[in-house]
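What follows is the content of protein_17.cif, which has mmCIF, C-alpha atoms and all ligand atoms:
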```
data_run
#
loop_
_atom_site.label_atom_id
_atom_site.label_comp_id
_atom_site.auth_asym_id
_atom_site.auth_seq_id
_atom_site.Cartn_x
_atom_site.Cartn_y
_atom_site.Cartn_z
CA MET A 1 129.71 95.17 80.97
CA ALA A 2 126.24 94.07 82.03
CA VAL A 3 123.56 96.64 81.33
CA SER A 4 120.83 96.82 83.94
CA VAL A 5 117.24 96.02 83.13
CA VAL A 6 116.08 99.52 83.99
CA GLU A 7 118.62 101.12 81.70
CA GLN A 8 117.76 98.59 79.04
CA GLU A 9 114.04 99.22 78.90
CA GLY A 10 113.32 100.42 75.41
CA ALA A 11 116.85 99.64 74.23
CA GLY A 12 117.76 97.43 71.29
CA GLY A 13 118.32 93.69 70.99
CA THR A 14 116.50 90.45 70.25
CA PRO A 15 115.02 87.77 72.46
CA GLY A 16 117.82 85.52 73.53
CA GLN A 17 120.39 88.25 74.02
CA SER A 18 120.57 87.52 77.73
CA GLN A 19 124.10 88.84 78.00
CA LEU A 20 122.62 92.32 77.58
CA GLY A 21 120.04 91.73 80.32
CA GLY A 22 116.49 93.15 80.37
CA PRO A 23 113.82 93.06 77.70
CA PRO A 24 115.31 93.43 74.25
CA LEU A 25 113.70 96.06 72.03
CA SER A 26 112.32 93.56 69.56
CA TYR A 27 110.59 91.67 72.35
CA ASP A 28 106.96 91.56 71.23
CA PRO A 29 104.95 93.60 73.79
CA ASP A 30 101.83 91.47 73.24
CA LEU A 31 103.81 88.33 73.85
CA GLU A 32 105.42 89.88 76.90
CA ARG A 33 102.00 90.75 78.33
CA ILE A 34 100.77 87.18 77.81
CA GLU A 35 103.89 85.75 79.41
CA ILE A 36 103.59 88.05 82.42
CA GLU A 37 99.91 87.15 82.84
CA LEU A 38 100.72 83.43 82.68
CA LEU A 39 103.59 83.79 85.12
CA LEU A 40 101.46 85.67 87.66
CA GLU A 41 98.57 83.25 87.24
CA GLY A 42 100.96 80.32 87.72
CA ILE A 43 102.43 81.80 90.89
CA PHE A 44 98.96 82.44 92.24
CA GLN A 45 97.74 78.90 91.51
CA ARG A 46 100.88 77.16 92.71
CA TYR A 47 101.79 79.28 95.74
CA GLY A 48 98.81 81.55 96.52
CA PHE A 49 100.79 84.80 96.11
CA ASP A 50 98.67 87.10 94.01
CA PHE A 51 100.50 89.79 92.06
CA ARG A 52 97.93 89.91 89.24
CA ALA A 53 96.67 93.36 90.18
CA TYR A 54 100.00 95.01 90.92
CA ALA A 55 100.75 98.14 88.89
CA HIS A 56 102.10 96.89 85.57
CA ALA A 57 105.08 99.15 84.77
CA SER A 58 106.87 98.60 88.05
CA LEU A 59 106.06 94.88 88.07
CA ARG A 60 107.40 94.45 84.54
CA ARG A 61 110.67 96.17 85.44
CA ARG A 62 111.14 93.98 88.46
CA LEU A 63 110.37 90.76 86.57
CA TRP A 64 113.00 91.56 83.97
CA LYS A 65 115.47 92.26 86.73
CA ARG A 66 114.83 88.73 88.03
CA VAL A 67 115.07 87.24 84.50
CA GLU A 68 118.51 88.78 84.25
CA ALA A 69 119.58 87.71 87.76
CA GLU A 70 118.57 84.11 87.02
CA HIS A 71 120.57 84.22 83.74
CA LEU A 72 117.44 83.61 81.70
CA THR A 73 116.22 85.29 78.54
CA THR A 74 112.43 85.19 78.67
CA ILE A 75 109.62 85.65 81.14
CA SER A 76 108.39 82.16 80.20
CA ALA A 77 111.71 80.71 81.29
CA LEU A 78 111.31 82.53 84.59
CA GLN A 79 107.85 81.02 84.92
CA ALA A 80 109.22 77.49 84.49
CA ARG A 81 111.96 78.11 87.03
CA VAL A 82 109.71 79.64 89.64
CA LEU A 83 107.03 76.96 89.31
CA HIS A 84 109.54 74.13 89.68
CA ASP A 85 111.79 75.69 92.31
CA PRO A 86 110.30 77.34 95.43
CA ALA A 87 113.71 78.87 96.22
CA ALA A 88 113.47 80.81 92.95
CA LEU A 89 110.07 82.06 94.07
CA ASP A 90 111.60 83.35 97.32
CA ARG A 91 114.23 85.23 95.32
CA MET A 92 111.52 86.68 93.11
CA LEU A 93 109.37 87.75 96.07
CA LEU A 94 112.26 89.86 97.30
CA ASP A 95 112.34 91.63 93.93
CA LEU A 96 108.61 92.12 93.69
CA SER A 97 108.19 93.64 97.09
CA VAL A 98 109.93 96.98 97.27
CA ASN A 99 111.19 97.09 100.83
CA VAL A 100 112.61 100.61 101.01
CA THR A 101 111.79 102.16 104.36
CA ALA A 102 113.23 104.40 107.09
CA MET A 103 112.70 105.33 110.71
CA PHE A 104 110.38 108.32 111.15
CA ARG A 105 110.02 108.40 107.37
CA ASP A 106 108.30 111.70 106.43
CA PRO A 107 108.85 113.11 109.93
CA GLY A 108 105.93 115.55 109.56
CA PHE A 109 103.59 112.56 109.46
CA TYR A 110 104.72 111.45 112.92
CA ARG A 111 104.50 114.99 114.24
CA THR A 112 100.90 115.25 113.02
CA PHE A 113 100.20 111.82 114.46
CA ARG A 114 101.46 113.02 117.86
CA ASP A 115 99.40 116.20 117.67
CA THR A 116 96.13 114.87 116.30
CA VAL A 117 95.89 111.11 116.89
CA VAL A 118 97.63 110.66 120.24
CA PRO A 119 95.02 112.78 122.12
CA MET A 120 92.31 110.45 120.76
CA LEU A 121 94.31 107.36 121.72
CA ARG A 122 94.65 108.63 125.29
CA THR A 123 90.91 108.20 125.70
CA TYR A 124 91.12 104.44 125.10
CA PRO A 125 92.06 101.98 127.85
CA PHE A 126 93.63 99.66 125.30
CA ILE A 127 94.99 100.48 121.83
CA ARG A 128 95.31 98.18 118.86
CA ILE A 129 97.51 99.23 115.94
CA TRP A 130 98.15 97.46 112.65
CA HIS A 131 101.18 98.26 110.48
CA ALA A 132 100.31 96.67 107.14
CA GLY A 133 103.31 96.25 104.83
CA CYS A 134 105.81 97.04 107.58
CA SER A 135 108.85 95.85 105.62
CA THR A 136 111.96 95.55 107.87
CA GLY A 137 110.15 97.22 110.76
CA GLU A 138 111.61 100.74 110.92
CA GLU A 139 108.09 102.21 110.91
CA VAL A 140 107.06 99.93 113.78
CA TYR A 141 110.03 100.86 115.97
CA SER A 142 109.33 104.54 115.22
CA MET A 143 105.73 104.16 116.37
CA ALA A 144 106.79 102.23 119.48
CA ILE A 145 109.21 105.05 120.40
CA LEU A 146 106.51 107.67 119.85
CA LEU A 147 103.98 105.75 121.96
CA HIS A 148 106.57 105.18 124.67
CA GLU A 149 107.26 108.91 124.87
CA GLU A 150 103.54 109.61 125.07
CA GLY A 151 103.11 107.04 127.86
CA LEU A 152 100.91 104.82 125.67
CA LEU A 153 103.18 101.92 124.73
CA GLU A 154 102.21 99.77 127.71
CA ARG A 155 98.55 99.77 126.71
CA ALA A 156 99.21 99.25 123.01
CA ARG A 157 99.22 96.00 121.09
CA ILE A 158 100.87 96.37 117.67
CA TYR A 159 100.44 93.95 114.79
CA ALA A 160 103.13 94.38 112.18
CA THR A 161 102.61 92.42 108.99
CA ASP A 162 104.16 92.00 105.59
CA ILE A 163 103.84 89.55 102.72
CA ASN A 164 107.55 88.86 102.88
CA GLU A 165 108.91 86.58 105.63
CA VAL A 166 112.53 87.61 104.96
CA VAL A 167 111.91 91.26 105.86
CA LEU A 168 109.88 90.21 108.90
CA ARG A 169 112.84 88.20 110.21
CA HIS A 170 114.93 91.31 109.91
CA ALA A 171 112.26 93.36 111.71
CA ARG A 172 112.13 90.90 114.61
CA SER A 173 115.91 91.09 115.05
CA GLY A 174 115.73 94.78 116.02
CA ILE A 175 119.08 95.44 114.35
CA PHE A 176 119.37 98.30 111.86
CA PRO A 177 122.37 99.70 109.98
CA LEU A 178 124.47 101.93 112.19
CA ASN A 179 125.28 104.18 109.26
CA ARG A 180 121.65 105.31 109.05
CA MET A 181 121.40 106.46 112.67
CA GLN A 182 122.43 110.02 111.82
CA GLU A 183 119.58 110.31 109.31
CA TYR A 184 117.14 108.65 111.72
CA THR A 185 118.19 110.96 114.55
CA GLU A 186 117.41 113.96 112.35
CA ASN A 187 114.05 112.45 111.38
CA TYR A 188 113.29 111.72 115.03
CA ILE A 189 113.93 115.32 116.03
CA LYS A 190 111.81 116.67 113.16
CA ALA A 191 109.09 114.20 114.14
CA GLY A 192 108.87 115.83 117.57
CA GLY A 193 110.97 113.30 119.53
CA THR A 194 111.40 114.41 123.11
CA ARG A 195 114.53 112.54 124.18
CA SER A 196 117.89 111.61 122.81
CA PHE A 197 117.43 109.10 119.97
CA SER A 198 120.58 107.21 120.97
CA GLU A 199 118.84 106.16 124.21
CA TYR A 200 116.90 103.63 122.19
CA TYR A 201 119.74 101.56 120.75
CA THR A 202 123.14 100.10 121.50
CA ALA A 203 125.82 100.19 118.83
CA LYS A 204 127.19 96.73 118.03
CA TYR A 205 129.80 96.37 115.25
CA ASP A 206 128.07 98.00 112.27
CA GLY A 207 124.55 97.50 113.65
CA ALA A 208 122.31 99.40 116.03
CA LEU A 209 120.43 97.00 118.31
CA PHE A 210 117.16 98.54 119.46
CA ASN A 211 115.85 98.10 122.98
CA ALA A 212 113.76 94.91 123.10
CA ALA A 213 111.27 96.58 125.44
CA LEU A 214 110.03 98.58 122.43
CA THR A 215 108.68 95.45 120.78
CA LYS A 216 107.39 93.66 123.88
CA ASN A 217 103.82 94.24 122.68
CA VAL A 218 104.53 93.81 118.98
CA VAL A 219 103.54 90.74 116.98
CA PHE A 220 105.31 90.42 113.63
CA SER A 221 103.52 88.08 111.26
CA GLN A 222 103.08 87.30 107.62
CA HIS A 223 99.88 88.63 106.06
CA ASN A 224 99.05 89.13 102.40
CA LEU A 225 96.85 92.15 101.75
CA VAL A 226 95.71 90.69 98.45
CA THR A 227 94.54 87.28 99.58
CA ASP A 228 94.19 87.29 103.37
CA GLN A 229 91.21 88.39 105.42
CA ALA A 230 90.64 91.31 107.77
CA PHE A 231 92.07 91.21 111.27
CA SER A 232 89.93 92.13 114.24
CA GLU A 233 89.16 95.68 115.28
CA PHE A 234 91.95 98.24 115.23
CA ASN A 235 92.10 101.81 116.52
CA VAL A 236 94.85 102.68 114.03
CA ILE A 237 95.94 101.16 110.74
CA LEU A 238 99.08 102.43 109.04
CA CYS A 239 99.69 101.23 105.53
CA ARG A 240 102.23 103.54 104.00
CA ASN A 241 103.91 103.26 100.62
CA VAL A 242 102.31 99.92 99.81
CA LEU A 243 99.16 100.83 97.86
CA ILE A 244 101.19 102.70 95.25
CA TYR A 245 102.24 99.32 93.90
CA PHE A 246 98.63 98.16 93.43
CA ASP A 247 96.17 98.93 90.63
CA ARG A 248 92.87 100.73 91.37
CA THR A 249 90.82 97.53 91.80
CA LEU A 250 93.28 96.07 94.25
CA GLN A 251 93.53 99.36 96.13
CA ASN A 252 89.76 99.26 96.58
CA ARG A 253 89.91 95.71 97.88
CA VAL A 254 92.53 96.69 100.42
CA HIS A 255 90.56 99.78 101.44
CA LYS A 256 87.60 97.50 102.14
CA LEU A 257 89.86 95.32 104.27
CA PHE A 258 90.98 98.37 106.25
CA TYR A 259 87.46 99.73 106.58
CA ASP A 260 86.29 96.37 107.95
CA SER A 261 89.25 96.20 110.32
CA LEU A 262 88.92 99.68 111.84
CA VAL A 263 86.69 100.59 114.77
CA HIS A 264 84.31 103.55 114.43
CA LEU A 265 86.47 106.71 114.72
CA GLY A 266 89.56 104.60 114.04
CA VAL A 267 92.43 106.22 112.12
CA LEU A 268 93.94 105.19 108.79
CA GLY A 269 97.40 106.49 107.83
CA LEU A 270 98.66 106.30 104.23
CA GLY A 271 101.89 107.26 102.48
CA SER A 272 102.44 110.75 101.10
CA LYS A 273 101.67 109.68 97.51
CA GLU A 274 98.61 107.66 98.46
CA THR A 275 95.05 108.79 98.94
CA LEU A 276 91.55 107.72 99.82
CA ARG A 277 90.18 110.09 97.18
CA PHE A 278 88.42 108.32 94.33
CA SER A 279 88.19 105.12 96.38
CA GLU A 280 84.81 103.63 97.21
CA PHE A 281 85.42 104.52 100.85
CA GLU A 282 86.23 108.19 100.45
CA ASP A 283 82.98 109.31 102.10
CA CYS A 284 83.44 107.04 105.09
CA TYR A 285 86.43 109.00 106.37
CA GLU A 286 87.27 112.54 107.37
CA ARG A 287 90.74 113.90 106.72
CA LEU A 288 92.52 114.85 109.97
CA ASP A 289 95.14 117.10 108.46
CA SER A 290 95.43 118.95 105.18
CA ARG A 291 99.00 117.80 104.47
CA ASP A 292 99.51 114.37 105.99
CA LYS A 293 97.45 111.37 104.94
CA LEU A 294 95.65 110.64 108.19
CA TYR A 295 91.94 109.83 108.03
CA LYS A 296 89.31 109.17 110.69
CA LYS A 297 86.57 106.64 109.99
CA ILE A 298 83.29 108.44 110.52
CA LYS A 299 80.73 106.02 109.10
C1 LIG B 301 108.01 100.30 100.30
S1 LIG B 301 107.69 99.17 101.59
C2 LIG B 301 106.87 100.23 102.75
C3 LIG B 301 107.40 100.04 104.16
C4 LIG B 301 106.82 101.02 105.19
N1 LIG B 301 105.39 100.87 105.29
C5 LIG B 301 107.20 102.43 104.87
O1 LIG B 301 106.35 103.21 104.47
O2 LIG B 301 108.37 102.78 105.02
C6 LIG B 301 106.36 98.20 100.91
C7 LIG B 301 106.12 96.90 101.66
O3 LIG B 301 104.86 96.36 101.25
C8 LIG B 301 104.98 94.96 101.27
N2 LIG B 301 103.95 94.36 100.43
C9 LIG B 301 103.86 94.33 99.08
N3 LIG B 301 102.78 93.63 98.70
C10 LIG B 301 102.16 93.22 99.83
C11 LIG B 301 101.00 92.45 100.10
N4 LIG B 301 100.26 91.96 99.11
N5 LIG B 301 100.65 92.21 101.38
C12 LIG B 301 101.42 92.70 102.40
N6 LIG B 301 102.53 93.43 102.22
C13 LIG B 301 102.91 93.68 100.95
C14 LIG B 301 106.37 94.72 100.73
O4 LIG B 301 106.87 93.44 101.07
C15 LIG B 301 107.17 95.86 101.37
O5 LIG B 301 107.80 95.44 102.54
#
```

Could the structure of this file be written out as structure tokens, please?
Ligand SMILES: C[S@@+](CC[C@H](N)C(=O)[O-])C[C@H]1O[C@@H](n2cnc3c(N)ncnc32)[C@H](O)[C@@H]1O
Amino acid sequence: MAVSVVEQEGAGGTPGQSQLGGPPLSYDPDLERIEIELLLEGIFQRYGFDFRAYAHASLRRRLWKRVEAEHLTTISALQARVLHDPAALDRMLLDLSVNVTAMFRDPGFYRTFRDTVVPMLRTYPFIRIWHAGCSTGEEVYSMAILLHEEGLLERARIYATDINEVVLRHARSGIFPLNRMQEYTENYIKAGGTRSFSEYYTAKYDGALFNAALTKNVVFSQHNLVTDQAFSEFNVILCRNVLIYFDRTLQNRVHKLFYDSLVHLGVLGLGSKETLRFSEFEDCYERLDSRDKLYKKIK
């Protein structure tokens, strides 16, 4: 029976025991670190994707998962494969970007957004929103529904970006698993939804096709937070559950990108485990709510 990489971490073995999967215990940690550095440097130089400042433990786990899936035994072998075969890079990108998401994820966040941010947005004739790291788009459809119910969708332009083109294709399709609609309906209600959630989609086979009108003003496009530049001025930037995968230096770089991309009094929304505290930009924002991670740019 194949043993997964995660289960295998710290378990026994020797390099070359690929049938066990994962990093064997006797794998020299110094060598592993060098190999990972070389692999990430190679990917950056060859393809421009920069994972060099991603948090190490999670990255390492994911790389070994890919080593196993490619039936290889070392990180160096993975490097050779990825550098010579762009299709292997695509497979690896899917592993490296954790795409877990949900509609109205952390419903309290959306409720607070309705209560504290929507009144500010009402004062603008035109609203620009950026979802950075939107994954398969559930967050974007949730926001579109919220804005629609608040009568603001028509004047909003939403930019939804992710590093990963595969998840963006999924997001553009507007089709989500039917078996998650129960959970999403509950989230929607807790998030302060004012209608019946089923109004927004049509069930088709095992998929729920969301109303295309929701994404009329949405542009889905590829954008890499590590290497790409700031967009133009936004009233709201949501980047939730993305920064947790970055080290402190990279988090600061991305915070600069957001700071530069937000208008004065613009709002930044982060994931529940993320914070602006200890970042270089902490003093430039005021927290809007004691529980949810919503911040207003004040200087
Ligand atoms: C866990 S998902 C979060 C999805 C959504 N924001 C949410 O909170 O449910 C993290 C997303 O960040 C994206 N991501 C990772 N590194 C990125 C980068 N350098 N630039 C843009 N997106 C990135 C991944 O592809 C993935 O879709």

May I ask which of the residues A:Leu147, A:Leu178, A:Val219, A:Ile129 is the closest one to Gly266 of chain A, counting all atoms listed in the file? A:Ile129

Write as a PyMOL selection string the residues around ligand LIG 301 (chain B), taking 10 Å as the cut-off and counting only C-alpha atoms and all ligand atoms. chain A and resi 49-51+53-54+93-106+131-140+160-168+222-228+238-246+250+254+270-272

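One distance worth recording is that between atom CA of Glu32 of chain A and atom CA of Ala88 of chain A, which is 20.1 Å.
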
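Closest approach to Asn211 of chain A among A:Lys299, A:Arg33, A:Arg253, A:His148 is made by A:His148 (distances from all atoms listed in the file).
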
Tell me which of A:Met181, A:Leu40, A:Val236, A:His264 sits closest to Val117 of chain A, counting all atoms listed in the file. A:Val236

Could you give me the axis-aligned bounding box of segment 77-94 of chain A, with 3 Å of padding per side, as centre plus edge lengths in Å to one decimal, as JSON?
```
{"center_x": 110.6, "center_y": 82.0, "center_z": 89.3, "size_x": 13.2, "size_y": 21.7, "size_z": 22.0}
```

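The space between atom CA of Asp283 of chain A and atom CA of Arg114 of chain A spans 24.6 Å.
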
Neighbouring residues of Leu121 of chain A were defined as those with any atom within 12 Å, considering only C-alpha atoms; residues of the same chain fewer than 5 positions away were excluded. Please report them as a VMD selection string. chain A and resid 113 to 116 126 to 129 147 150 to 153 155 to 156 234 to 236 265 to 267

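What separates atom CA of Arg291 of chain A from atom CA of Leu257 of chain A is a distance of 24.3 Å.
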
Residues at most 7 Å from segment 172-175 of chain A, counting all atoms listed in the file, excluding those fewer than 4 positions away in the same chain, as a PyMOL selection string? chain A and resi 168+207-210+220

Where atoms are absent from segment 87-106 of chain A, fill them in so it carries N, CA and C atoms, then output it as a PDB file, keeping the file's coordinate frame.
```pdb
ATOM      1  N   ALA A  87     112.646  77.928  95.818  1.00  0.00           N
ATOM      2  CA  ALA A  87     113.710  78.870  96.220  1.00  0.00           C
ATOM      3  C   ALA A  87     113.773  80.033  95.223  1.00  0.00           C
ATOM      4  N   ALA A  88     113.483  79.730  93.952  1.00  0.00           N
ATOM      5  CA  ALA A  88     113.470  80.810  92.950  1.00  0.00           C
ATOM      6  C   ALA A  88     112.302  81.753  93.218  1.00  0.00           C
ATOM      7  N   LEU A  89     111.204  81.204  93.724  1.00  0.00           N
ATOM      8  CA  LEU A  89     110.070  82.060  94.070  1.00  0.00           C
ATOM      9  C   LEU A  89     110.477  83.014  95.196  1.00  0.00           C
ATOM     10  N   ASP A  90     111.175  82.487  96.210  1.00  0.00           N
ATOM     11  CA  ASP A  90     111.600  83.350  97.320  1.00  0.00           C
ATOM     12  C   ASP A  90     112.465  84.496  96.798  1.00  0.00           C
ATOM     13  N   ARG A  91     113.367  84.174  95.866  1.00  0.00           N
ATOM     14  CA  ARG A  91     114.230  85.230  95.320  1.00  0.00           C
ATOM     15  C   ARG A  91     113.371  86.262  94.583  1.00  0.00           C
ATOM     16  N   MET A  92     112.369  85.773  93.866  1.00  0.00           N
ATOM     17  CA  MET A  92     111.520  86.680  93.110  1.00  0.00           C
ATOM     18  C   MET A  92     110.659  87.555  94.031  1.00  0.00           C
ATOM     19  N   LEU A  93     110.198  86.970  95.126  1.00  0.00           N
ATOM     20  CA  LEU A  93     109.370  87.750  96.070  1.00  0.00           C
ATOM     21  C   LEU A  93     110.147  88.951  96.589  1.00  0.00           C
ATOM     22  N   LEU A  94     111.447  88.744  96.808  1.00  0.00           N
ATOM     23  CA  LEU A  94     112.260  89.860  97.300  1.00  0.00           C
ATOM     24  C   LEU A  94     112.315  90.979  96.263  1.00  0.00           C
ATOM     25  N   ASP A  95     112.330  90.602  94.980  1.00  0.00           N
ATOM     26  CA  ASP A  95     112.340  91.630  93.930  1.00  0.00           C
ATOM     27  C   ASP A  95     110.997  92.329  93.819  1.00  0.00           C
ATOM     28  N   LEU A  96     109.933  91.552  93.955  1.00  0.00           N
ATOM     29  CA  LEU A  96     108.610  92.120  93.690  1.00  0.00           C
ATOM     30  C   LEU A  96     108.121  93.015  94.813  1.00  0.00           C
ATOM     31  N   SER A  97     108.625  92.765  96.006  1.00  0.00           N
ATOM     32  CA  SER A  97     108.190  93.640  97.090  1.00  0.00           C
ATOM     33  C   SER A  97     109.288  94.669  97.313  1.00  0.00           C
ATOM     34  N   VAL A  98     108.966  95.900  97.074  1.00  0.00           N
ATOM     35  CA  VAL A  98     109.930  96.980  97.270  1.00  0.00           C
ATOM     36  C   VAL A  98     109.980  97.252  98.771  1.00  0.00           C
ATOM     37  N   ASN A  99     111.132  97.051  99.371  1.00  0.00           N
ATOM     38  CA  ASN A  99     111.190  97.090 100.830  1.00  0.00           C
ATOM     39  C   ASN A  99     111.799  98.369 101.403  1.00  0.00           C
ATOM     40  N   VAL A 100     111.997  99.354 100.549  1.00  0.00           N
ATOM     41  CA  VAL A 100     112.610 100.610 101.010  1.00  0.00           C
ATOM     42  C   VAL A 100     111.804 101.203 102.162  1.00  0.00           C
ATOM     43  N   THR A 101     112.485 101.559 103.224  1.00  0.00           N
ATOM     44  CA  THR A 101     111.790 102.160 104.360  1.00  0.00           C
ATOM     45  C   THR A 101     112.795 102.952 105.194  1.00  0.00           C
ATOM     46  N   ALA A 102     112.330 103.618 106.229  1.00  0.00           N
ATOM     47  CA  ALA A 102     113.230 104.400 107.090  1.00  0.00           C
ATOM     48  C   ALA A 102     112.526 104.670 108.408  1.00  0.00           C
ATOM     49  N   MET A 103     113.323 104.945 109.445  1.00  0.00           N
ATOM     50  CA  MET A 103     112.700 105.330 110.710  1.00  0.00           C
ATOM     51  C   MET A 103     112.192 106.765 110.614  1.00  0.00           C
ATOM     52  N   PHE A 104     111.031 107.005 111.182  1.00  0.00           N
ATOM     53  CA  PHE A 104     110.380 108.320 111.150  1.00  0.00           C
ATOM     54  C   PHE A 104     110.388 108.887 109.727  1.00  0.00           C
ATOM     55  N   ARG A 105     110.094 107.996 108.775  1.00  0.00           N
ATOM     56  CA  ARG A 105     110.020 108.400 107.370  1.00  0.00           C
ATOM     57  C   ARG A 105     108.938 109.482 107.221  1.00  0.00           C
ATOM     58  N   ASP A 106     109.195 110.531 106.493  1.00  0.00           N
ATOM     59  CA  ASP A 106     108.300 111.700 106.430  1.00  0.00           C
ATOM     60  C   ASP A 106     108.012 112.160 107.857  1.00  0.00           C
TER      61      ASP A 106
END
```
